[in-house]
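Asks: Below is protein.tsv; it holds TSV, C-alpha atoms and all ligand atoms.
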```
chain	number	residue	atom	x	y	z
A	1	MET	CA	0.13	14.98	-16.50
A	2	SER	CA	-2.97	13.92	-14.59
A	3	LYS	CA	-3.23	14.18	-10.81
A	4	LEU	CA	-3.05	10.43	-10.46
A	5	ASN	CA	0.18	10.16	-12.41
A	6	SER	CA	2.06	12.62	-10.25
A	7	ILE	CA	4.26	11.14	-7.55
A	8	PRO	CA	2.37	11.37	-4.26
A	9	VAL	CA	5.12	12.33	-1.83
A	10	ALA	CA	2.95	12.64	1.26
A	11	VAL	CA	0.60	15.23	-0.21
A	12	PRO	CA	-2.75	13.79	0.75
A	13	VAL	CA	-6.09	15.51	1.12
A	14	VAL	CA	-6.53	17.93	4.01
A	15	GLN	CA	-9.42	16.95	6.26
A	16	GLN	CA	-12.14	19.49	6.84
A	17	PRO	CA	-12.92	20.09	10.50
A	18	SER	CA	-16.55	19.40	11.21
A	19	GLY	CA	-16.92	22.52	13.42
A	20	GLY	CA	-19.69	23.55	15.78
A	21	ALA	CA	-19.94	23.38	19.57
A	22	GLY	CA	-22.12	20.28	19.33
A	23	ASN	CA	-19.28	18.48	17.61
A	24	LEU	CA	-16.64	19.43	20.16
A	25	LEU	CA	-16.70	16.06	21.84
A	26	ALA	CA	-16.60	14.29	18.47
A	27	ASN	CA	-13.61	16.42	17.42
A	28	VAL	CA	-11.75	15.63	20.62
A	29	PHE	CA	-12.49	11.94	20.14
A	30	ASP	CA	-11.33	12.09	16.49
A	31	GLU	CA	-8.09	13.77	17.49
A	32	LEU	CA	-7.50	11.22	20.21
A	33	THR	CA	-8.16	8.40	17.74
A	34	ALA	CA	-5.74	9.94	15.21
A	35	PHE	CA	-3.09	10.34	17.90
A	36	CYS	CA	-3.46	6.74	19.09
A	37	ARG	CA	-3.45	5.45	15.53
A	38	SER	CA	-0.28	7.36	14.69
A	39	ARG	CA	1.51	5.94	17.74
A	40	SER	CA	0.51	2.31	17.26
A	41	LEU	CA	1.40	1.11	13.78
A	42	PHE	CA	2.03	-2.41	12.61
A	43	MET	CA	4.24	-2.64	9.58
A	44	LEU	CA	4.42	-5.36	6.98
A	45	HIS	CA	7.72	-5.09	5.14
A	46	TYR	CA	7.65	-6.66	1.74
A	47	CYS	CA	11.32	-7.12	0.90
A	48	THR	CA	11.22	-6.82	-2.86
A	49	GLY	CA	14.72	-5.46	-3.47
A	50	CYS	CA	18.08	-4.53	-2.00
A	51	GLY	CA	16.63	-1.66	0.08
A	52	ALA	CA	15.51	-4.29	2.59
A	53	ILE	CA	19.10	-4.49	3.83
A	54	GLU	CA	18.69	-1.22	5.73
A	55	LEU	CA	15.62	-2.42	7.63
A	56	PRO	CA	17.38	-4.58	10.27
A	57	PRO	CA	19.39	-1.61	11.61
A	58	ALA	CA	16.24	0.53	11.54
A	59	MET	CA	14.39	-2.11	13.57
A	60	THR	CA	17.07	-3.23	16.00
A	61	SER	CA	18.85	-1.53	18.88
A	62	ARG	CA	20.78	1.11	16.93
A	63	PHE	CA	17.70	2.98	15.67
A	64	ASP	CA	14.95	0.91	17.33
A	65	MET	CA	11.80	1.90	15.44
A	66	GLU	CA	9.66	0.22	18.10
A	67	ARG	CA	10.33	3.16	20.44
A	68	LEU	CA	8.25	5.23	18.00
A	69	GLY	CA	5.33	2.82	18.26
A	70	ILE	CA	6.02	0.89	15.08
A	71	GLN	CA	6.67	-2.80	14.99
A	72	PRO	CA	6.68	-5.55	12.38
A	73	MET	CA	3.58	-7.58	11.65
A	74	VAL	CA	3.51	-10.92	9.91
A	75	THR	CA	0.07	-10.77	8.34
A	76	PRO	CA	-1.51	-8.15	6.08
A	77	ARG	CA	-4.82	-8.57	7.92
A	78	GLN	CA	-3.42	-6.80	10.97
A	79	ALA	CA	-0.92	-4.48	9.31
A	80	ASP	CA	-1.32	-0.72	8.93
A	81	ILE	CA	1.75	0.03	6.83
A	82	LEU	CA	2.93	-1.79	3.72
A	83	LEU	CA	6.61	-1.13	3.20
A	84	VAL	CA	7.87	-1.95	-0.30
A	85	THR	CA	11.62	-2.03	-0.13
A	86	GLY	CA	13.03	-1.74	-3.60
A	87	TYR	CA	12.54	-2.63	-7.24
A	88	VAL	CA	9.33	-4.46	-8.03
A	89	SER	CA	9.27	-7.15	-10.68
A	90	THR	CA	6.04	-7.71	-12.59
A	91	LYS	CA	5.63	-11.07	-10.88
A	92	THR	CA	6.19	-9.58	-7.42
A	93	LEU	CA	3.79	-6.72	-8.09
A	94	LYS	CA	0.91	-9.20	-8.29
A	95	ARG	CA	1.72	-10.37	-4.75
A	96	ILE	CA	2.05	-6.80	-3.52
A	97	ILE	CA	-1.40	-5.92	-4.86
A	98	LEU	CA	-2.88	-9.07	-3.31
A	99	THR	CA	-1.23	-8.13	-0.01
A	100	TYR	CA	-2.37	-4.51	-0.16
A	101	GLU	CA	-5.97	-5.47	-0.85
A	102	GLN	CA	-6.00	-7.82	2.14
A	103	MET	CA	-5.06	-5.03	4.55
A	104	ASN	CA	-7.84	-3.31	6.44
A	105	SER	CA	-8.37	0.40	5.92
A	106	PRO	CA	-7.07	2.88	6.85
A	107	LYS	CA	-3.77	1.61	5.47
A	108	TYR	CA	-0.59	3.28	4.34
A	109	VAL	CA	2.01	2.46	1.70
A	110	ILE	CA	5.65	3.54	1.80
A	111	GLY	CA	7.93	3.01	-1.18
A	112	ILE	CA	11.55	2.74	-0.11
A	113	CYS	CA	14.33	3.24	-2.69
A	114	SER	CA	14.46	5.14	-5.95
A	115	CYS	CA	13.38	1.99	-7.77
A	116	THR	CA	9.85	2.36	-6.38
A	117	VAL	CA	9.72	6.01	-7.45
A	118	ASN	CA	10.64	5.68	-11.12
A	119	GLY	CA	12.29	2.32	-11.71
A	120	GLY	CA	15.72	3.51	-10.55
A	121	MET	CA	18.58	1.65	-12.15
A	122	TYR	CA	16.07	-0.89	-13.51
A	123	TRP	CA	14.12	1.75	-15.45
A	124	GLN	CA	14.93	0.00	-18.73
A	125	SER	CA	14.19	-3.52	-17.56
A	126	TYR	CA	11.32	-5.32	-19.25
A	127	ALA	CA	10.67	-7.25	-16.04
A	128	THR	CA	10.03	-4.45	-13.54
A	129	ALA	CA	7.09	-2.18	-12.76
A	130	LYS	CA	8.52	1.33	-12.74
A	131	VAL	CA	6.18	3.54	-10.70
A	132	LEU	CA	4.59	1.89	-7.66
A	133	ALA	CA	1.99	4.68	-7.41
A	134	ASP	CA	0.54	3.61	-10.77
A	135	TYR	CA	-0.80	0.44	-9.15
A	136	MET	CA	-1.75	1.52	-5.62
A	137	PRO	CA	-1.83	4.79	-3.69
A	138	VAL	CA	1.55	5.55	-2.12
A	139	ASP	CA	1.59	7.74	0.98
A	140	MET	CA	5.30	8.38	1.00
A	141	TYR	CA	8.47	7.67	-0.90
A	142	ILE	CA	11.82	7.40	0.84
A	143	ALA	CA	14.18	7.80	-2.08
A	144	GLY	CA	17.83	6.78	-2.31
A	145	CYS	CA	19.90	3.89	-3.55
A	146	MET	CA	19.60	2.72	-0.89
A	147	PRO	CA	18.23	5.05	1.81
A	148	ARG	CA	20.04	4.85	5.14
A	149	PRO	CA	18.20	3.82	8.33
A	150	GLU	CA	18.12	7.48	9.43
A	151	ALA	CA	16.10	8.27	6.29
A	152	VAL	CA	13.75	5.33	6.96
A	153	ILE	CA	13.15	6.50	10.54
A	154	SER	CA	12.68	10.07	9.37
A	155	GLY	CA	10.13	8.94	6.76
A	156	LEU	CA	8.22	6.91	9.33
A	157	ARG	CA	8.12	9.89	11.70
A	158	GLU	CA	6.74	12.05	8.92
A	159	LEU	CA	4.08	9.47	8.14
A	160	MET	CA	3.12	9.39	11.82
A	161	ALA	CA	2.79	13.19	11.83
A	162	ASN	CA	0.66	13.04	8.68
A	163	ILE	CA	-1.63	10.39	10.19
A	164	ARG	CA	-2.03	12.42	13.35
A	165	ALA	CA	-2.87	15.55	11.33
A	166	GLY	CA	-5.35	13.64	9.13
A	167	ARG	CA	-3.25	14.22	6.01
A	168	SER	CA	-2.52	10.60	5.13
A	169	ASP	CA	-5.68	9.20	3.66
A	170	ASN	CA	-4.46	8.12	0.22
A	171	TRP	CA	-6.05	4.70	0.87
A	172	LYS	CA	-9.37	6.30	-0.07
A	173	ASP	CA	-7.99	7.00	-3.53
A	174	TYR	CA	-7.87	3.27	-4.33
A	175	TYR	CA	-11.63	3.06	-3.83
A	176	ARG	CA	-12.50	6.39	-5.42
A	177	HIS	CA	-10.36	5.75	-8.52
A	178	TYR	CA	-10.37	1.96	-8.60
A	179	ASP	CA	-10.94	1.90	-12.37
A	180	HIS	CA	-7.70	3.86	-12.90
A	181	TYR	CA	-5.59	1.52	-10.76
A	182	LEU	CA	-7.24	-1.58	-12.17
A	183	GLY	CA	-6.58	-0.30	-15.71
A	184	ASN	CA	-2.85	0.01	-15.00
A	185	GLN	CA	-2.85	-3.46	-13.46
A	186	GLN	CA	-4.64	-4.90	-16.49
A	187	ARG	CA	-2.14	-3.29	-18.88
A	188	LEU	CA	0.63	-5.17	-17.10
A	189	PHE	CA	-1.02	-8.50	-16.27
A	190	GLY	CA	-3.62	-8.86	-18.98
A	191	GLU	CA	-7.28	-7.96	-19.14
A	192	ASN	CA	-8.37	-11.09	-17.28
A	193	TRP	CA	-6.48	-10.05	-14.11
A	194	GLN	CA	-8.54	-10.47	-10.96
A	195	THR	CA	-7.96	-10.65	-7.22
A	196	PRO	CA	-10.08	-12.34	-4.54
A	197	THR	CA	-10.93	-8.99	-2.88
A	198	ASP	CA	-14.26	-7.31	-3.62
A	199	VAL	CA	-12.78	-3.82	-3.89
A	200	ILE	CA	-16.02	-2.32	-5.24
A	201	GLY	CA	-17.96	-3.74	-2.28
A	202	GLU	CA	-15.31	-2.32	0.08
A	203	ALA	CA	-15.60	1.08	-1.60
A	204	ARG	CA	-19.29	1.08	-0.67
A	205	HIS	CA	-18.54	-0.23	2.82
A	206	TYR	CA	-16.07	2.60	3.51
A	207	ASP	CA	-18.39	5.15	1.89
A	208	GLN	CA	-15.78	5.91	-0.78
A	209	PHE	CA	-17.75	4.79	-3.83
A	210	GLY	CA	-17.54	7.59	-6.39
A	211	PRO	CA	-18.03	8.33	-10.10
A	212	GLU	CA	-14.54	6.99	-10.92
A	213	THR	CA	-14.79	3.78	-8.94
A	214	LEU	CA	-16.31	2.00	-11.93
A	215	GLY	CA	-15.37	2.34	-15.58
A	216	GLU	CA	-14.24	0.46	-18.65
A	217	HIS	CA	-11.72	-1.60	-16.71
A	218	THR	CA	-14.07	-2.74	-13.96
A	219	ALA	CA	-16.43	-3.74	-16.78
A	220	LEU	CA	-13.68	-6.01	-18.09
A	221	LEU	CA	-13.27	-7.38	-14.60
A	222	GLU	CA	-16.90	-8.40	-14.51
A	223	ARG	CA	-16.66	-9.97	-17.96
A	224	HIS	CA	-13.64	-12.11	-17.13
A	225	GLN	CA	-14.38	-12.85	-13.51
A	226	THR	CA	-14.40	-16.54	-12.75
A	227	PRO	CA	-15.29	-18.14	-9.43
A	228	LEU	CA	-12.17	-18.69	-7.36
A	229	LEU	CA	-11.52	-22.38	-6.92
A	230	PRO	CA	-11.08	-23.63	-3.37
A	231	PHE	CA	-7.46	-24.24	-2.45
A	232	GLU	CA	-6.82	-27.95	-2.40
A	233	MET	CA	-4.04	-29.11	-0.14
A	234	ARG	CA	-2.64	-32.48	-0.88
A	235	LEU	CA	-0.43	-34.21	1.61
A	236	GLY	CA	1.35	-37.50	1.42
A	237	LEU	CA	4.94	-37.94	0.31
A	238	GLY	CA	5.39	-40.07	-2.73
A	239	SER	CA	1.71	-40.13	-3.60
A	240	GLU	CA	0.46	-39.46	-7.10
A	241	SER	CA	-0.95	-36.11	-6.00
A	242	ASN	CA	2.51	-34.71	-5.27
A	243	LYS	CA	4.01	-35.53	-8.63
B	301	LIG	S1	17.20	1.95	-5.35
B	301	LIG	FE1	19.20	0.90	-5.38
B	301	LIG	S2	19.28	-0.23	-3.44
B	301	LIG	FE2	17.12	0.31	-3.81
B	301	LIG	S3	16.23	-1.47	-4.86
B	301	LIG	FE3	16.93	0.00	-6.42
B	301	LIG	S4	18.99	-0.69	-6.96
B	301	LIG	FE4	18.47	-1.65	-4.99
```
For the file at hand, write its structure as structure tokens.
Replies:
Amino acid sequence: MSKLNSIPVAVPVVQQPSGGAGNLLANVFDELTAFCRSRSLFMLHYCTGCGAIELPPAMTSRFDMERLGIQPMVTPRQADILLVTGYVSTKTLKRIILTYEQMNSPKYVIGICSCTVNGGMYWQSYATAKVLADYMPVDMYIAGCMPRPEAVISGLRELMANIRAGRSDNWKDYYRHYDHYLGNQQRLFGENWQTPTDVIGEARHYDQFGPETLGEHTALLERHQTPLLPFEMRLGLGSESNK
């Protein structure tokens, strides 16, 4: 099994310390940044399946995840964590990928429920995507059917510790191995699948462009890419445009 196909249960790359007395100030600043980042996380919870039921108790007074420094966010543009809470249908997966690509880096993905790990009880369904990590890098799975709020809180605390220690940088993998992820997406959605995000441009922007960013699947992307049409909003009840 290739490295990319293994389930990434919070086993990201270990950062190399830059070392040297001249870098002492930079190291202190980096550690301070990592600490602040780990204690101030905005979470977008995409309620795809039944696992979402355990989120309200995790968020509200009983377990109160805000005391940890984590609170919900309504837009992907300002979210740090994408929480996928259960089985993912093929149709929903398109929206999850669109959402993920809109988030700014660094960003983190948590798959809640066994259904995000391997399909769970829907492993035989023709309509579900089985392994979330095939389509985007997953920083952590919180398995169970369904996991209790204690498990959700515990998983979030572990993610915070990983961010602080510089161990949660799986977001870079999407840029470094974009051809791999795009290939899996194309197998599910068809070879003319495209999203509005310029992932290749972002890979260069974040200095993550590598030998496996481009490949046979990104070549297909270029071949099929069509200009995105501007969204046309039509108002007016009873008019022809609304029929
Ligand atoms: S793991 Fe169980 S609770 Fe979670 S989405 Fe799947 S069936 Fe629902």
Asks: Choose the residue, out of A:Thr128, A:Gln71, A:Asn118, A:Ser105, that has the smallest atom-to-atom separation from Tyr175 (chain A); count only C-alpha atoms.
Replies: A:Ser105
Asks: Contacts between ligand LIG 301 (chain B) and chain A, please, where a residue of chain A counts if it comes within 9 Å (with all atoms listed in the file); show its shortest atom pair and distance in Å to one decimal, rows by chain and ascending number, as JSON lines.
Replies:
```
{"residue": "A:Thr48", "atom": "CA", "partner": "B:LIG301", "partner_atom": "S3", "distance": 7.6}
{"residue": "A:Gly49", "atom": "CA", "partner": "B:LIG301", "partner_atom": "S3", "distance": 4.5}
{"residue": "A:Cys50", "atom": "CA", "partner": "B:LIG301", "partner_atom": "FE4", "distance": 4.2}
{"residue": "A:Gly51", "atom": "CA", "partner": "B:LIG301", "partner_atom": "FE2", "distance": 4.4}
{"residue": "A:Ala52", "atom": "CA", "partner": "B:LIG301", "partner_atom": "S3", "distance": 8.0}
{"residue": "A:Ile53", "atom": "CA", "partner": "B:LIG301", "partner_atom": "S2", "distance": 8.4}
{"residue": "A:Thr85", "atom": "CA", "partner": "B:LIG301", "partner_atom": "S3", "distance": 6.6}
{"residue": "A:Gly86", "atom": "CA", "partner": "B:LIG301", "partner_atom": "S3", "distance": 3.4}
{"residue": "A:Tyr87", "atom": "CA", "partner": "B:LIG301", "partner_atom": "S3", "distance": 4.5}
{"residue": "A:Val88", "atom": "CA", "partner": "B:LIG301", "partner_atom": "S3", "distance": 8.2}
{"residue": "A:Ile112", "atom": "CA", "partner": "B:LIG301", "partner_atom": "FE2", "distance": 7.1}
{"residue": "A:Cys113", "atom": "CA", "partner": "B:LIG301", "partner_atom": "S1", "distance": 4.1}
{"residue": "A:Ser114", "atom": "CA", "partner": "B:LIG301", "partner_atom": "S1", "distance": 4.2}
{"residue": "A:Cys115", "atom": "CA", "partner": "B:LIG301", "partner_atom": "FE3", "distance": 4.3}
{"residue": "A:Thr116", "atom": "CA", "partner": "B:LIG301", "partner_atom": "S1", "distance": 7.4}
{"residue": "A:Val117", "atom": "CA", "partner": "B:LIG301", "partner_atom": "S1", "distance": 8.8}
{"residue": "A:Gly119", "atom": "CA", "partner": "B:LIG301", "partner_atom": "FE3", "distance": 7.4}
{"residue": "A:Gly120", "atom": "CA", "partner": "B:LIG301", "partner_atom": "FE3", "distance": 5.6}
{"residue": "A:Met121", "atom": "CA", "partner": "B:LIG301", "partner_atom": "S4", "distance": 5.7}
{"residue": "A:Tyr122", "atom": "CA", "partner": "B:LIG301", "partner_atom": "S4", "distance": 7.2}
{"residue": "A:Ala143", "atom": "CA", "partner": "B:LIG301", "partner_atom": "S1", "distance": 7.4}
{"residue": "A:Gly144", "atom": "CA", "partner": "B:LIG301", "partner_atom": "S1", "distance": 5.7}
{"residue": "A:Cys145", "atom": "CA", "partner": "B:LIG301", "partner_atom": "FE1", "distance": 3.6}
{"residue": "A:Met146", "atom": "CA", "partner": "B:LIG301", "partner_atom": "S2", "distance": 3.9}
{"residue": "A:Pro147", "atom": "CA", "partner": "B:LIG301", "partner_atom": "FE2", "distance": 7.4}
```
Asks: Determine, counting only C-alpha atoms, which protein, DNA and RNA residues have an atom within 12 Å of an atom of Gly201 (chain A); residues of the same chain fewer than 6 positions away are not included. Present the result as a PDB file with C-alpha atoms, in the coordinates of the input.
Replies:
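Output file around33.pdb follows:
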```pdb
ATOM      1  CA  TYR A 175     -11.630   3.060  -3.830  1.00  0.00           C
ATOM      2  CA  ARG A 176     -12.500   6.390  -5.420  1.00  0.00           C
ATOM      3  CA  TYR A 178     -10.370   1.960  -8.600  1.00  0.00           C
ATOM      4  CA  ASP A 207     -18.390   5.150   1.890  1.00  0.00           C
ATOM      5  CA  GLN A 208     -15.780   5.910  -0.780  1.00  0.00           C
ATOM      6  CA  PHE A 209     -17.750   4.790  -3.830  1.00  0.00           C
ATOM      7  CA  THR A 213     -14.790   3.780  -8.940  1.00  0.00           C
ATOM      8  CA  LEU A 214     -16.310   2.000 -11.930  1.00  0.00           C
TER       9      LEU A 214
END
```
Asks: Find the distance between CA of Val131 (chain A) and CA of Gly190 (chain A) and write it in Å to one decimal.
Replies: 17.8 Å
Asks: Using only C-alpha atoms, what does the table of region 77-151 of chain A residues within 10 Å of region 56-59 of chain A look like, with each row giving the shortest atom pair and its distance in Å to one decimal, sorted by chain and ascending number, as JSON lines?
Replies:
```
{"residue": "A:Arg148", "atom": "CA", "partner": "A:Ala58", "partner_atom": "CA", "distance": 8.6}
{"residue": "A:Pro149", "atom": "CA", "partner": "A:Ala58", "partner_atom": "CA", "distance": 5.0}
{"residue": "A:Glu150", "atom": "CA", "partner": "A:Ala58", "partner_atom": "CA", "distance": 7.5}
{"residue": "A:Ala151", "atom": "CA", "partner": "A:Ala58", "partner_atom": "CA", "distance": 9.4}
```
Asks: Expressed in Å to a single decimal, how great is the separation between CA of Glu212 (chain A) and CA of Val84 (chain A)?
Replies: 26.4 Å
Asks: Interatomic distance between CA of Leu44 (chain A) and CA of Arg204 (chain A)?
Replies: 25.7 Å
Asks: Counting all atoms listed in the file, which residue out of A:Thr197, A:Asn162, A:Asn192, A:Ser40 sits closest to Thr226 (chain A)?
Replies: A:Asn192
Asks: Given 8 Å on each side, where is the centre and what are the edge lengths in Å to one decimal of the axis-aligned box enclosing the listed atoms of region 96-104 of chain A, as AutoDock Vina command-line options?
Replies:
```
--center_x -2.9 --center_y -6.2 --center_z 0.8 --size_x 25.9 --size_y 21.8 --size_z 27.3
```
Asks: Taking the point (-9.5, 10.2, 14.6) as given in the file, collect each protein or nucleic acid residue that comes within 12 Å of it, counting all atoms listed in the file, and present the set as a list of chain:residue names.
Replies: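 So the residues meeting the distance criterion are A:Gln15, A:Pro17, A:Leu25, A:Ala26, A:Asn27, A:Val28, A:Phe29, A:Asp30, A:Glu31, A:Leu32, A:Thr33, A:Ala34, A:Phe35, A:Cys36, A:Arg37, A:Ser38, A:Pro106, A:Ile163, A:Arg164, A:Ala165, A:Gly166, A:Arg167, A:Ser168, A:Asp169.
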Asks: Rank A:Leu156, A:Ala133, A:Leu221, A:Val138 by their smallest atom-to-atom distance to Met43 (chain A), using all atoms listed in the file, and report the top residue only.
Replies: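 Smallest distance to Met43 (chain A) is found for A:Leu156.
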Asks: Measuring between all atoms listed in the file, which one of A:Val74, A:Ala79, A:Ala127, A:Ala203 shows the shortest distance to Phe42 (chain A)?
Replies: A:Ala79
Asks: Which of these residues is nearest to Pro137 (chain A), using all atoms listed in the file: A:Ala219, A:Ile153, A:Ile97, A:Leu41?
Replies: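 Comparing A:Ala219, A:Ile153, A:Ile97, A:Leu41 against Pro137 (chain A), the winner is A:Ile97.
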Asks: My list of candidates is A:Leu220, A:Ala161, A:Met103, A:Ala129. Which is closest to Pro76 (chain A) when distances are computed with all atoms listed in the file?
Replies: A:Met103
